[in-house]
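**Student:** Pasting a structure below so you can have a look.
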Amino acid sequence: MNGQTTTQDHAAWTTALLAWLRERLTACGRGVLLGALALAEALVAPLAALPVAAPIPGVGLQVRRLAELTRRLSGEWCGVPIPSPYLPPPGADASDGGDGAKLSWRQRWKWMAADPATWRDLLWMIVNPCAGAALAGGSAAAVVYGVFGMALPHGSTQLAGSISHPLYGILLAASGFWAAPWMLRGYGEFARSLLGPTRQAELAQRVRSLAQSRADTIDTGAAEMRRIERDLHDGAQARLVAMGMTLDAAGQLLDTSPAGARALLAEARDSSLNRGLADAVRALALDSPLPVAVTGELPARPPAPVESAAYFAVSELLANVSKHAGADRVWIDIRYSGGTNGGGMLRIGVTDDGSGGADPAGGTGLRGIERRLAAFDGVLAVSSPPGGPTVMNMEMPCALSSPKTSSS
């Protein structure tokens, strides 16, 4: 047992040592590459910094691309992500790519010259070849210089009168190798101080993001409202037609079967009432191209916003089943557990015998249903193994606020 434990400890120690060495070797290599990038930037900086050369087509754009490359590498290699700080181009849209590619070169230069981030990029191009290269490549330089010192003839030079070059080289190489990850992260922090967005730019980007999110939310909500209104309008039309046919049949039975006419008149009266979520779902089932069986009943009415959300969710699920599931039948079960004064849960299950494989991440509308239910602390649980069946259960906490209208 002790021998086995010792072997396991030795293996764990070896694995940890190899990971430690790999981390520092990787950091040294990345530092060398970042230092080479800094030297490449030194060739571009003088041309971009000249006032007479700044409007030259493509120069400013190349400076920006080099800066963006540094931001990306800082996040991937140094562990210091740097958001893009640039202002959007005039008239930017999703097809423009955010780099002003559709602008003329003069419009692009004016846009870039008015952006404070452009001048911070130029400052970075000037200081990075010195300070940045020292941080990024300092560890690799220390290792190389230390190895070179160890290779010198022993005793050729003394340090403090007693330490020879080989020992000095070992200490220098070991220190550079050990400090490589910290030096690399220091380079990332230095890059973020110049290439990252200022506080003002962060606030401006946040405002733009919130404005875009608000616009998307308004557009989505308007589209859903139009769809609900269309569904309600179509359903109302269908009920009016059915009621007219029922009244016509009752009129024909008045002389021959007064009892049958009274029954049809009672049916027409009941269908003209707004009887709540369960009957609205039954109306949806009648309009579905698939056979839909609806079971369950509600003892009273949920709040109107909950009813609307549940109605829309069931409508969307039925549409998904019709379009994507390849099902032959659908079953809908509506239940409510708990008291009518609060603390209860509205539960609606939609099951189909289709091919399965429904996934909220697949873009079939399930994400929208989840967001709609989440507004009421509700959830959608989906079980859809390949081959089916698909079972979708919705739950929304609510109270049943008003008693259901009696049909008698």
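Residues in the structure tokens are named by chain (A, B, ... in the order shown) and by number from 1 within that chain; ligands are numbered from 1 in the order shown.
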List the neighbours of Tyr311 (chain A) out to 10 Å using only C-alpha atoms; skip same-chain residues closer than 6 positions along the sequence, and give me the result as a compact mmCIF listing (two decimals) with N, CA, C and O atoms, in the first residue's frame.

**Tutor:**
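selection.txt, written as the output of this step:
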```
# COMPACT_ATOMS: atom_id res chain seq x y z
N ILE A 228 -50.69 37.90 -31.62
CA ILE A 228 -51.79 37.59 -30.71
C ILE A 228 -53.09 38.20 -31.20
O ILE A 228 -54.16 37.56 -31.19
N GLY A 276 -62.44 31.98 -20.75
CA GLY A 276 -61.13 31.87 -20.16
C GLY A 276 -60.16 31.00 -20.93
O GLY A 276 -60.37 30.60 -22.07
N LEU A 277 -59.04 30.69 -20.23
CA LEU A 277 -57.89 30.07 -20.87
C LEU A 277 -58.20 28.68 -21.42
O LEU A 277 -57.82 28.36 -22.55
N ALA A 278 -58.89 27.84 -20.64
CA ALA A 278 -59.12 26.47 -21.08
C ALA A 278 -59.90 26.44 -22.38
O ALA A 278 -59.57 25.69 -23.32
N ALA A 280 -60.14 28.93 -24.54
CA ALA A 280 -59.32 29.53 -25.59
C ALA A 280 -58.36 28.49 -26.16
O ALA A 280 -58.11 28.45 -27.38
N VAL A 281 -57.81 27.62 -25.31
CA VAL A 281 -56.91 26.56 -25.79
C VAL A 281 -57.69 25.55 -26.63
O VAL A 281 -57.20 25.04 -27.64
N LEU A 284 -57.97 26.94 -29.98
CA LEU A 284 -56.71 26.72 -30.70
C LEU A 284 -56.64 25.30 -31.24
O LEU A 284 -56.18 25.07 -32.36
N PRO A 305 -52.65 38.94 -17.51
CA PRO A 305 -51.32 38.79 -18.13
C PRO A 305 -50.84 37.35 -18.17
O PRO A 305 -50.21 36.92 -19.14
N LEU A 317 -46.33 26.60 -29.18
CA LEU A 317 -45.97 25.18 -29.13
C LEU A 317 -46.74 24.38 -30.17
O LEU A 317 -46.17 23.49 -30.83
```

**Student:** Residues near Ile332 (chain A), anyone? I mean within 8 Å using only C-alpha atoms, not counting same-chain ones fewer than 5 positions away, as a ChimeraX atom specification.

**Tutor:** /A:292-295,348-351

**Student:** Taking 6 positions as the minimum chain separation for residues in the same chain, which residues sit within 10 Å of Ala319 (chain A) when counting only C-alpha atoms? Answer as a list in words.

**Tutor:**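 The residues that qualify are Ser288, Pro289, Ala313, Ala325, Thr364 and Gly365 of chain A.
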
**Student:** Please identify all polymer residues within 9 Å of Leu171 (chain A), counting only C-alpha atoms, omitting same-chain residues fewer than 5 positions from it, and present them as a VMD selection string.

**Tutor:** chain A and resid 146 166 176

**Student:** Could you please take those selected residues and save N, CA and C atoms as a PDB file, in the first residue's frame?

**Tutor:**
```
ATOM      1  N   GLY A 146      21.069  34.397 -19.661  1.00  0.00           N
ATOM      2  CA  GLY A 146      21.581  33.525 -18.611  1.00  0.00           C
ATOM      3  C   GLY A 146      22.286  32.305 -19.165  1.00  0.00           C
ATOM      4  N   PRO A 166      28.968  31.391 -14.503  1.00  0.00           N
ATOM      5  CA  PRO A 166      28.027  30.268 -14.562  1.00  0.00           C
ATOM      6  C   PRO A 166      26.920  30.376 -13.521  1.00  0.00           C
ATOM      7  N   GLY A 176      14.209  34.514 -14.962  1.00  0.00           N
ATOM      8  CA  GLY A 176      13.420  34.851 -16.135  1.00  0.00           C
ATOM      9  C   GLY A 176      12.401  33.774 -16.460  1.00  0.00           C
TER      10      GLY A 176
END
```

**Student:** For each of A:Leu73, A:Ala180, A:Ala381, A:Ala191, take the minimum atom-to-atom distance to Cys28 (chain A), counting only C-alpha atoms, then give the residue where this is smallest.

**Tutor:** A:Ala180

**Student:** Considering only C-alpha atoms, return as a list in words whatever protein or nucleic-acid residues lie within 7 Å of region 392-398 of chain A, sequence-local ones (same chain, fewer than 3 positions apart) excluded.

**Tutor:** Pro302, Gly342, Gly343, Gly344, Met345, Leu346, Arg347, Ile348, Gly349, Val350, Thr351, Phe376, Asp377, Gly378, Val379, Leu380, Ala381, Val382 and Ser383 of chain A

**Student:** Just give me the gap between CA of Trp13 (chain A) and CA of Thr26 (chain A) in Å, one decimal is fine.

**Tutor:**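 Answer for the CA of Trp13 (chain A) to CA of Thr26 (chain A) separation: 19.9 Å.
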
**Student:** Just list the residues in region 299-394 of chain A DSSP gives strand (DSSP E or B) on the backbone, as a PyMOL selection string.

**Tutor:** chain A and resi 300-301+330-339+342-352+379-383+390-394

**Student:** Tell me which of A:Glu23, A:Glu316, A:Asp328, A:Glu68 sits closest to Ala179 (chain A), counting only C-alpha atoms.

**Tutor:**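 Ranked by minimum distance to Ala179 (chain A), first place goes to A:Glu23.
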
**Student:** One decimal, in Å: what's the spacing between CA of Met183 (chain A) and CA of Leu18 (chain A)?

**Tutor:**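 Spanning CA of Met183 (chain A) to CA of Leu18 (chain A) is a straight-line distance of 20.1 Å.
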
**Student:** One decimal, Å: what's the distance from CA of Val144 (chain A) over to CA of Cys130 (chain A), could you say?

**Tutor:**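 One can read the CA of Val144 (chain A) to CA of Cys130 (chain A) distance as 18.7 Å.
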
**Student:** Run DSSP on the backbone of this structure and report the residues of region 336-398 of chain A it assigns to alpha helix (DSSP H), as JSON, numbers by chain.

**Tutor:** {"A": [366, 367, 368, 369, 370, 371, 372, 373, 374]}

**Student:** For each of A:Val44, A:Cys78, A:Val207, A:Leu195, take the minimum atom-to-atom distance to Ala27 (chain A), counting only C-alpha atoms, then give the residue where this is smallest.

**Tutor:**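 Going through A:Val44, A:Cys78, A:Val207, A:Leu195 one by one, the smallest distance to Ala27 (chain A) is for A:Cys78.
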
**Student:** Find the residues near Pro386 (chain A): any atom within 8 Å, counting only C-alpha atoms, skip ones fewer than 5 places away on the same chain, and give them as a list in words.

**Tutor:** Ser355, Gly356 and Gly357 of chain A
